[in-house]
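For reference, final-v5.txt is printed below; it contains compact mmCIF, C-alpha atoms.
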# COMPACT_ATOMS: atom_id res chain seq x y z
CA MET A 1 85.64 -126.51 -27.69
CA THR A 2 82.89 -126.33 -25.05
CA GLU A 3 79.41 -127.01 -26.42
CA LEU A 4 76.99 -124.10 -26.05
CA LEU A 5 74.30 -124.72 -23.45
CA TYR A 6 70.87 -125.29 -25.08
CA LYS A 7 72.46 -124.73 -28.49
CA GLU A 8 69.58 -126.15 -30.57
CA LEU A 9 66.89 -124.47 -28.49
CA THR A 10 68.53 -121.04 -28.68
CA ALA A 11 69.07 -121.49 -32.44
CA THR A 12 65.31 -122.04 -32.84
CA ILE A 13 64.60 -118.96 -30.72
CA LEU A 14 66.99 -116.86 -32.81
CA ARG A 15 65.25 -117.92 -36.03
CA ALA A 16 61.94 -116.86 -34.50
CA TYR A 17 63.46 -113.50 -33.53
CA TYR A 18 64.58 -112.77 -37.09
CA ASP A 19 61.18 -113.80 -38.45
CA VAL A 20 59.35 -111.53 -35.99
CA TYR A 21 61.77 -108.64 -36.56
CA ASN A 22 61.38 -108.85 -40.33
CA GLY A 23 57.62 -109.34 -40.13
CA THR A 24 56.79 -106.39 -37.86
CA GLY A 25 57.34 -102.65 -37.60
CA ARG A 26 59.77 -100.92 -35.26
CA VAL A 27 57.38 -98.84 -33.16
CA TYR A 28 55.07 -101.35 -31.45
CA PRO A 29 54.92 -101.76 -27.66
CA GLU A 30 57.12 -104.53 -26.26
CA HIS A 31 54.25 -106.89 -25.49
CA PHE A 32 53.36 -107.03 -29.21
CA TYR A 33 56.75 -108.58 -29.93
CA ASP A 34 56.37 -110.89 -26.92
CA ARG A 35 53.12 -112.22 -28.38
CA ALA A 36 54.64 -112.64 -31.83
CA MET A 37 57.59 -114.58 -30.40
CA VAL A 38 55.27 -116.84 -28.39
CA HIS A 39 53.15 -117.41 -31.52
CA ASP A 40 56.10 -118.60 -33.63
CA LEU A 41 57.81 -120.62 -30.91
CA SER A 42 54.60 -122.36 -29.89
CA ALA A 43 53.98 -123.23 -33.55
CA ALA A 44 57.44 -124.81 -33.57
CA GLY A 45 56.49 -126.99 -30.60
CA ILE A 46 58.48 -125.00 -28.02
CA THR A 47 56.93 -124.57 -24.57
CA CYS A 48 56.52 -120.88 -23.75
CA ARG A 49 55.44 -119.18 -20.53
CA PRO A 50 54.62 -115.53 -21.27
CA GLN A 51 55.01 -113.12 -18.36
CA PRO A 52 55.79 -115.68 -15.65
CA GLU A 53 55.91 -114.26 -12.12
CA HIS A 54 58.80 -115.14 -9.81
CA GLN A 55 59.57 -114.32 -6.22
CA VAL A 56 62.62 -112.15 -5.61
CA VAL A 57 64.58 -113.51 -2.64
CA PHE A 58 67.33 -111.56 -0.91
CA LYS A 59 69.25 -113.43 1.80
CA GLN A 60 66.44 -115.93 2.46
CA LYS A 61 63.86 -113.12 2.56
CA VAL A 62 61.16 -112.66 -0.09
CA VAL A 63 61.34 -108.97 -0.99
CA GLY A 64 58.89 -108.86 -3.93
CA LYS A 65 57.89 -110.36 -7.26
CA GLN A 66 59.21 -109.87 -10.78
CA ILE A 67 57.37 -110.52 -14.05
CA LEU A 68 59.60 -111.75 -16.88
CA ASP A 69 58.87 -111.34 -20.59
CA ILE A 70 59.01 -115.01 -21.66
CA LEU A 71 60.41 -118.23 -20.17
CA ILE A 72 61.21 -120.83 -22.84
CA ALA A 73 61.17 -124.58 -22.08
CA ASP A 74 61.59 -123.65 -18.40
CA GLU A 75 65.28 -122.93 -19.12
CA VAL A 76 65.86 -119.82 -21.28
CA ILE A 77 64.70 -116.30 -20.42
CA ILE A 78 63.78 -113.94 -23.25
CA GLU A 79 63.84 -110.19 -22.63
CA ASP A 80 62.48 -108.03 -25.45
CA LYS A 81 63.37 -104.36 -25.86
CA VAL A 82 62.23 -101.58 -28.19
CA ALA A 83 65.20 -99.19 -28.21
CA SER A 84 67.54 -97.51 -30.66
CA SER A 85 70.20 -99.99 -29.51
CA LEU A 86 70.92 -102.35 -26.63
CA THR A 87 72.78 -100.89 -23.65
CA ARG A 88 74.86 -102.12 -20.72
CA LEU A 89 71.84 -101.52 -18.50
CA HIS A 90 69.65 -103.82 -20.62
CA LYS A 91 72.29 -106.54 -20.26
CA ALA A 92 72.62 -105.98 -16.51
CA GLN A 93 68.83 -106.21 -16.07
CA LEU A 94 68.65 -109.57 -17.83
CA LEU A 95 71.54 -110.88 -15.72
CA SER A 96 69.58 -109.78 -12.63
CA TYR A 97 66.58 -111.81 -13.78
CA LEU A 98 68.75 -114.88 -14.46
CA LYS A 99 70.04 -114.68 -10.89
CA VAL A 100 66.55 -114.36 -9.43
CA VAL A 101 65.10 -117.39 -11.25
CA ASN A 102 68.35 -119.40 -11.09
CA LYS A 103 68.68 -119.86 -14.85
CA GLN A 104 71.88 -119.81 -16.87
CA ILE A 105 70.89 -118.64 -20.36
CA GLY A 106 69.14 -115.43 -21.37
CA LEU A 107 68.47 -113.93 -24.79
CA LEU A 108 68.16 -110.16 -25.13
CA PHE A 109 66.37 -109.02 -28.28
CA ASN A 110 65.95 -105.49 -29.63
CA PHE A 111 63.05 -104.76 -31.98
CA GLY A 112 63.47 -100.97 -32.14
CA GLY A 113 66.75 -100.58 -34.00
CA PRO A 114 67.39 -100.17 -37.73
CA LYS A 115 68.76 -103.73 -37.91
CA PRO A 116 68.38 -106.92 -35.82
CA GLU A 117 70.39 -106.84 -32.60
CA PHE A 118 70.59 -109.47 -29.87
CA GLN A 119 72.83 -110.75 -27.08
CA ARG A 120 73.14 -114.25 -25.65
CA LEU A 121 73.95 -114.04 -21.94
CA TYR A 122 75.34 -116.76 -19.69
CA PHE A 123 75.08 -116.57 -15.91
CA ALA A 124 77.22 -118.84 -13.75
CA PRO A 125 75.65 -119.16 -10.27
CA ARG A 126 78.18 -118.37 -7.57
CA GLU A 127 78.43 -116.75 -4.19
CA LEU A 128 78.25 -112.97 -4.62
CA GLU A 129 80.27 -110.76 -2.32
CA VAL A 130 80.66 -107.03 -2.23
CA ALA A 131 84.33 -106.09 -2.18
CA LYS A 132 85.18 -104.14 0.95
CA THR A 133 87.49 -101.96 -1.13
CA GLN A 134 84.50 -100.91 -3.26
CA ILE A 135 82.55 -99.86 -0.18
CA ALA A 136 85.58 -98.08 1.27
CA ARG A 137 86.09 -96.24 -2.01
CA ALA A 138 82.45 -95.14 -2.04
CA ALA A 139 82.76 -93.97 1.55
CA ALA A 140 85.85 -91.94 0.69
CA ASP A 141 84.27 -90.44 -2.40
CA ALA A 142 81.18 -89.45 -0.41
CA ASN A 143 83.30 -87.87 2.37
CA ILE A 144 81.44 -89.81 5.05
CA SER A 145 83.90 -88.63 7.68
CA GLY A 146 82.38 -85.18 7.44
CA LEU A 147 78.83 -86.38 8.03
CA ILE A 148 76.93 -87.09 11.23
CA GLU A 149 77.20 -90.62 12.61
CA PRO A 150 79.99 -91.62 10.17
CA GLN A 151 80.12 -95.26 11.34
CA MET A 152 76.37 -95.65 10.92
CA VAL A 153 76.51 -94.01 7.49
CA TYR A 154 79.33 -96.38 6.53
CA GLU A 155 77.19 -99.38 7.50
CA ILE A 156 74.22 -98.03 5.56
CA VAL A 157 76.31 -97.40 2.44
CA GLY A 158 77.80 -100.88 2.76
CA GLY A 159 74.28 -102.32 2.95
CA LEU A 160 73.17 -100.41 -0.14
CA PHE A 161 76.13 -101.74 -2.14
CA GLU A 162 75.40 -105.25 -0.86
CA VAL A 163 71.82 -105.04 -2.16
CA HIS A 164 72.90 -103.63 -5.52
CA ALA A 165 75.63 -106.24 -6.02
CA THR A 166 73.33 -109.12 -5.06
CA LEU A 167 70.16 -108.15 -6.95
CA GLY A 168 71.51 -105.94 -9.73
CA PRO A 169 69.38 -103.38 -11.62
CA GLY A 170 66.03 -104.06 -13.25
CA PHE A 171 63.50 -104.31 -10.41
CA ILE A 172 60.89 -101.88 -9.09
CA HIS A 173 61.81 -99.57 -6.25
CA ARG A 174 59.68 -101.39 -3.64
CA ILE A 175 61.82 -104.53 -4.05
CA TYR A 176 64.98 -102.54 -3.33
CA ALA A 177 63.31 -100.83 -0.36
CA ASN A 178 62.37 -104.23 1.12
CA ALA A 179 65.85 -105.65 0.47
CA CYS A 180 67.54 -102.58 2.01
CA TYR A 181 65.34 -102.85 5.10
CA HIS A 182 66.26 -106.53 5.48
CA GLU A 183 69.98 -105.84 4.95
CA LEU A 184 70.12 -102.95 7.43
CA LYS A 185 68.32 -105.04 10.06
CA LEU A 186 70.85 -107.84 9.50
CA ARG A 187 73.57 -105.26 10.15
CA GLY A 188 72.01 -104.40 13.51
CA LEU A 189 70.73 -100.98 12.50
CA SER A 190 67.47 -99.59 13.87
CA ALA A 191 65.65 -99.18 10.55
CA LYS A 192 61.95 -98.42 10.34
CA PRO A 193 60.03 -98.63 7.04
CA GLN A 194 58.20 -95.46 5.95
CA LYS A 195 55.36 -95.40 3.42
CA ALA A 196 55.05 -91.79 2.21
CA ILE A 197 56.83 -88.47 1.91
CA GLN A 198 55.39 -84.98 2.05
CA ILE A 199 55.43 -82.89 -1.15
CA PHE A 200 56.10 -79.16 -0.86
CA TYR A 201 55.68 -76.17 -3.14
CA ARG A 202 57.54 -73.01 -2.12
CA GLY A 203 57.57 -74.23 1.45
CA ALA A 204 53.87 -75.08 1.53
CA PRO A 205 52.88 -78.75 2.00
CA LEU A 206 50.73 -80.12 -0.84
CA GLY A 207 50.07 -83.60 0.51
CA GLU A 208 51.64 -87.02 0.85
CA LEU A 209 53.04 -89.18 -1.92
CA LYS A 210 53.43 -92.94 -1.48
CA PHE A 211 57.12 -93.78 -1.47
CA SER A 212 58.82 -96.60 0.45
CA HIS A 213 61.88 -95.41 2.34
CA LEU A 214 63.63 -96.04 5.66
CA ARG A 215 64.24 -94.04 8.82
CA VAL A 216 67.38 -95.16 10.64
CA ALA A 217 67.77 -94.35 14.33
CA ASP A 218 65.79 -91.11 13.90
CA ALA A 219 68.95 -89.56 12.45
CA ILE A 220 69.07 -90.65 8.80
CA MET A 221 66.52 -91.27 6.07
CA VAL A 222 67.40 -93.73 3.31
CA PHE A 223 65.62 -93.38 -0.02
CA PRO A 224 66.06 -96.46 -2.27
CA ALA A 225 64.87 -95.66 -5.80
CA ALA A 226 64.75 -97.27 -9.23
CA ILE A 227 64.24 -94.49 -11.73
CA GLN A 228 65.65 -93.81 -15.19
CA ASN A 229 66.26 -90.08 -14.70
CA PRO A 230 67.70 -89.26 -11.24
CA ALA A 231 66.49 -85.66 -11.59
CA ASP A 232 62.92 -86.95 -11.35
CA LEU A 233 63.54 -87.93 -7.73
CA GLY A 234 63.00 -84.31 -6.70
CA LEU A 235 66.04 -83.82 -4.48
CA PRO A 236 65.01 -80.28 -3.39
CA ASN A 237 61.72 -81.69 -2.12
CA ILE A 238 63.54 -84.44 -0.22
CA ARG A 239 65.65 -81.76 1.47
CA GLU A 240 62.43 -79.92 2.42
CA TRP A 241 61.00 -83.16 3.81
CA LEU A 242 64.16 -83.76 5.87
CA ARG A 243 63.85 -80.23 7.27
CA ALA A 244 60.20 -80.75 8.17
CA GLU A 245 60.96 -84.06 9.90
CA GLN A 246 64.06 -82.64 11.61
CA ILE A 247 66.26 -85.37 10.15
CA PRO A 248 69.85 -84.14 9.65
CA LEU A 249 70.82 -86.46 6.78
CA GLY A 250 69.25 -88.22 3.79
CA ILE A 251 70.84 -90.87 1.59
CA VAL A 252 69.38 -91.40 -1.89
CA ALA A 253 70.39 -94.55 -3.78
CA ASN A 254 69.19 -95.09 -7.35
CA PHE A 255 69.36 -98.81 -8.18
CA HIS A 256 68.33 -98.30 -11.83
CA ASP A 257 71.94 -98.26 -13.05
CA THR A 258 74.90 -100.55 -13.50
CA GLU A 259 76.74 -98.59 -10.79
CA LEU A 260 75.41 -97.40 -7.45
CA LYS A 261 76.21 -93.77 -6.62
CA PRO A 262 74.66 -92.74 -3.27
CA VAL A 263 73.74 -89.07 -2.91
CA PHE A 264 73.98 -87.42 0.51
CA LEU A 265 71.51 -84.65 1.33
CA LYS A 266 71.38 -82.24 4.23
CA PRO A 267 68.28 -80.13 5.00
Take the structure from the file and write it as structure tokens.
Amino acid sequence: MTELLYKELTATILRAYYDVYNGTGRVYPEHFYDRAMVHDLSAAGITCRPQPEHQVVFKQKVVGKQILDILIADEVIIEDKVASSLTRLHKAQLLSYLKVVNKQIGLLFNFGGPKPEFQRLYFAPRELEVAKTQIARAAADANISGLIEPQMVYEIVGGLFEVHATLGPGFIHRIYANACYHELKLRGLSAKPQKAIQIFYRGAPLGELKFSHLRVADAIMVFPAAIQNPADLGLPNIREWLRAEQIPLGIVANFHDTELKPVFLKP
């Protein structure tokens, strides 16, 4: 039987988790549990780095920074959650962080449920490729053939899937916007970063809102997002903005999910 990686270290961390879970309430903010875990692990002689900051690199390009919850002994990442239960998205986020910092073991702890709940995740570094069949399926589902510039749209959608498959969910929207810009430039597309969108109310402009997005060849706007509720993106307002800018097509991609589902908008 293969020996678990960092078996003794993770056993010590798990004991600390149960002690903190049993010694605290269920409604505190996450950083309270982070501090409690650091307190117990440090007392046990374990080196802890709370909230370490790491660069996020996408295809040799730094696209932003990510702050982790805790890095233990420079080898194990701890991600603390306060939720009714752990979800697939929580697991996918921790796997994303393991990829970014090139670590193999992550521990996902939930302090918000009625009983202790955790997952031990293992990440095996390997070359990540986006399957062409996945991109083709997305193109077919989105009916790209009926849109303007179908070949360009296909390349954009392929780039969005490439970013999602490489980084995974769990980062802020600006990181995805930077990665998408880099990927589309690598694909030879004329992408220009944009910093704000106009907000409208009943056709009247209210002002600009900071939001990183991309204008491609003055024909398509790409809106990378990382938001829990897609409805909060304000799709009707994006349509109004496309109409005001005389852009015939918008592509919205929400990276805050285990699956990427691009939305195509016409003014």
- Please provide as a PyMOL selection string all residues within 9 Å of range 175-186 of chain A, with the sequence filter that same-chain residues fewer than 5 positions apart are discarded (counting all atoms listed in the file). chain A and resi 56-59+61-66+155-156+159-160+162-164+167+191-193+212-214+216+222-226+255
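Taking all atoms listed in the file into account, Arg88 in chain A lies nearest to A:Pro169 out of the set A:Asp232, A:Lys103, A:Pro169, A:Lys266.
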- Message: Under the rule that only C-alpha atoms are counted, which of A:Pro262, A:Pro205, A:Pro248, A:Pro116 is the nearest residue to Phe161 in chain A?
- Response: A:Pro262
- Message: Please compute the CA of Thr24 in chain A-CA of Ala44 in chain A distance, one decimal, in Å.
- Response: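 Value for the CA of Thr24 in chain A-CA of Ala44 in chain A distance: 18.9 Å.
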- Kindly give the distance, in Å, that separates CA of Ala165 in chain A and CA of Phe111 in chain A, rounded to a single decimal.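 Separating CA of Ala165 in chain A from CA of Phe111 in chain A is a distance of 28.9 Å.
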- Item | CA of Ala16 in chain A to CA of Asn102 in chain A, straight-line distance in Å | 24.4 Å
- Protein, DNA and RNA residues within 10 Å of (59.4, -117.6, -25.5), all atoms listed in the file, as a PyMOL selection string: chain A and resi 13+16-17+34-42+46-51+69-74+76-79+107
Once you add 8 Å to each side, what are the centre and edge lengths of the axis-aligned box holding all listed atoms of range 98-114 of chain A? One decimal in Å, as AutoDock Vina command-line options, if you can.
--center_x 67.5 --center_y -110.0 --center_z -23.6 --size_x 24.8 --size_y 35.7 --size_z 44.3
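Checking A:Gly113, A:Phe123, A:Tyr33, A:Arg239 one by one against Asp19 in chain A, counting all atoms listed in the file, you find the shortest gap at A:Tyr33.
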Since the input has fewer atoms than a full residue there, write range 66-84 of chain A out with N, CA, C and O atoms, as a PDB file, in the frame of the given file.
ATOM      1  N   GLN A  66      58.792-110.412  -9.501  1.00  0.00           N
ATOM      2  CA  GLN A  66      59.210-109.870 -10.780  1.00  0.00           C
ATOM      3  C   GLN A  66      58.525-110.643 -11.902  1.00  0.00           C
ATOM      4  O   GLN A  66      58.460-111.870 -11.874  1.00  0.00           O
ATOM      5  N   ILE A  67      57.990-109.905 -12.880  1.00  0.00           N
ATOM      6  CA  ILE A  67      57.370-110.520 -14.050  1.00  0.00           C
ATOM      7  C   ILE A  67      58.365-110.480 -15.203  1.00  0.00           C
ATOM      8  O   ILE A  67      58.850-109.415 -15.574  1.00  0.00           O
ATOM      9  N   LEU A  68      58.694-111.650 -15.747  1.00  0.00           N
ATOM     10  CA  LEU A  68      59.600-111.750 -16.880  1.00  0.00           C
ATOM     11  C   LEU A  68      58.835-111.587 -18.182  1.00  0.00           C
ATOM     12  O   LEU A  68      57.603-111.635 -18.200  1.00  0.00           O
ATOM     13  N   ASP A  69      59.538-111.409 -19.288  1.00  0.00           N
ATOM     14  CA  ASP A  69      58.870-111.340 -20.590  1.00  0.00           C
ATOM     15  C   ASP A  69      58.411-112.739 -21.021  1.00  0.00           C
ATOM     16  O   ASP A  69      57.215-112.990 -21.157  1.00  0.00           O
ATOM     17  N   ILE A  70      59.351-113.657 -21.228  1.00  0.00           N
ATOM     18  CA  ILE A  70      59.010-115.010 -21.660  1.00  0.00           C
ATOM     19  C   ILE A  70      60.030-115.985 -21.060  1.00  0.00           C
ATOM     20  O   ILE A  70      61.236-115.712 -21.071  1.00  0.00           O
ATOM     21  N   LEU A  71      59.550-117.134 -20.593  1.00  0.00           N
ATOM     22  CA  LEU A  71      60.410-118.230 -20.170  1.00  0.00           C
ATOM     23  C   LEU A  71      60.200-119.379 -21.150  1.00  0.00           C
ATOM     24  O   LEU A  71      59.074-119.850 -21.336  1.00  0.00           O
ATOM     25  N   ILE A  72      61.273-119.820 -21.790  1.00  0.00           N
ATOM     26  CA  ILE A  72      61.210-120.830 -22.840  1.00  0.00           C
ATOM     27  C   ILE A  72      61.686-122.181 -22.300  1.00  0.00           C
ATOM     28  O   ILE A  72      62.796-122.279 -21.754  1.00  0.00           O
ATOM     29  N   ALA A  73      60.836-123.202 -22.463  1.00  0.00           N
ATOM     30  CA  ALA A  73      61.170-124.580 -22.080  1.00  0.00           C
ATOM     31  C   ALA A  73      61.665-124.655 -20.638  1.00  0.00           C
ATOM     32  O   ALA A  73      62.445-125.550 -20.286  1.00  0.00           O
ATOM     33  N   ASP A  74      61.217-123.718 -19.809  1.00  0.00           N
ATOM     34  CA  ASP A  74      61.590-123.650 -18.400  1.00  0.00           C
ATOM     35  C   ASP A  74      63.101-123.494 -18.195  1.00  0.00           C
ATOM     36  O   ASP A  74      63.621-123.794 -17.123  1.00  0.00           O
ATOM     37  N   GLU A  75      63.830-123.023 -19.227  1.00  0.00           N
ATOM     38  CA  GLU A  75      65.280-122.930 -19.120  1.00  0.00           C
ATOM     39  C   GLU A  75      65.856-121.612 -19.619  1.00  0.00           C
ATOM     40  O   GLU A  75      66.849-121.132 -19.084  1.00  0.00           O
ATOM     41  N   VAL A  76      65.278-121.011 -20.640  1.00  0.00           N
ATOM     42  CA  VAL A  76      65.860-119.820 -21.280  1.00  0.00           C
ATOM     43  C   VAL A  76      64.921-118.634 -21.088  1.00  0.00           C
ATOM     44  O   VAL A  76      63.722-118.718 -21.380  1.00  0.00           O
ATOM     45  N   ILE A  77      65.485-117.523 -20.605  1.00  0.00           N
ATOM     46  CA  ILE A  77      64.700-116.300 -20.420  1.00  0.00           C
ATOM     47  C   ILE A  77      64.876-115.405 -21.635  1.00  0.00           C
ATOM     48  O   ILE A  77      65.997-115.158 -22.088  1.00  0.00           O
ATOM     49  N   ILE A  78      63.755-114.921 -22.162  1.00  0.00           N
ATOM     50  CA  ILE A  78      63.780-113.940 -23.250  1.00  0.00           C
ATOM     51  C   ILE A  78      63.371-112.583 -22.686  1.00  0.00           C
ATOM     52  O   ILE A  78      62.371-112.459 -21.978  1.00  0.00           O
ATOM     53  N   GLU A  79      64.152-111.574 -22.994  1.00  0.00           N
ATOM     54  CA  GLU A  79      63.840-110.190 -22.630  1.00  0.00           C
ATOM     55  C   GLU A  79      63.809-109.369 -23.905  1.00  0.00           C
ATOM     56  O   GLU A  79      64.814-109.257 -24.613  1.00  0.00           O
ATOM     57  N   ASP A  80      62.643-108.817 -24.229  1.00  0.00           N
ATOM     58  CA  ASP A  80      62.480-108.030 -25.450  1.00  0.00           C
ATOM     59  C   ASP A  80      62.552-106.533 -25.142  1.00  0.00           C
ATOM     60  O   ASP A  80      61.991-106.066 -24.142  1.00  0.00           O
ATOM     61  N   LYS A  81      63.235-105.793 -26.003  1.00  0.00           N
ATOM     62  CA  LYS A  81      63.370-104.360 -25.860  1.00  0.00           C
ATOM     63  C   LYS A  81      62.976-103.664 -27.160  1.00  0.00           C
ATOM     64  O   LYS A  81      63.081-104.244 -28.245  1.00  0.00           O
ATOM     65  N   VAL A  82      62.488-102.429 -27.037  1.00  0.00           N
ATOM     66  CA  VAL A  82      62.230-101.580 -28.190  1.00  0.00           C
ATOM     67  C   VAL A  82      63.033-100.300 -27.963  1.00  0.00           C
ATOM     68  O   VAL A  82      62.581 -99.361 -27.311  1.00  0.00           O
ATOM     69  N   ALA A  83      64.270-100.303 -28.453  1.00  0.00           N
ATOM     70  CA  ALA A  83      65.200 -99.190 -28.210  1.00  0.00           C
ATOM     71  C   ALA A  83      66.023 -98.946 -29.453  1.00  0.00           C
ATOM     72  O   ALA A  83      66.067 -99.781 -30.364  1.00  0.00           O
ATOM     73  N   SER A  84      66.685 -97.799 -29.514  1.00  0.00           N
ATOM     74  CA  SER A  84      67.540 -97.510 -30.660  1.00  0.00           C
ATOM     75  C   SER A  84      68.696 -98.498 -30.747  1.00  0.00           C
ATOM     76  O   SER A  84      69.142 -98.872 -31.832  1.00  0.00           O
TER      77      SER A  84
END
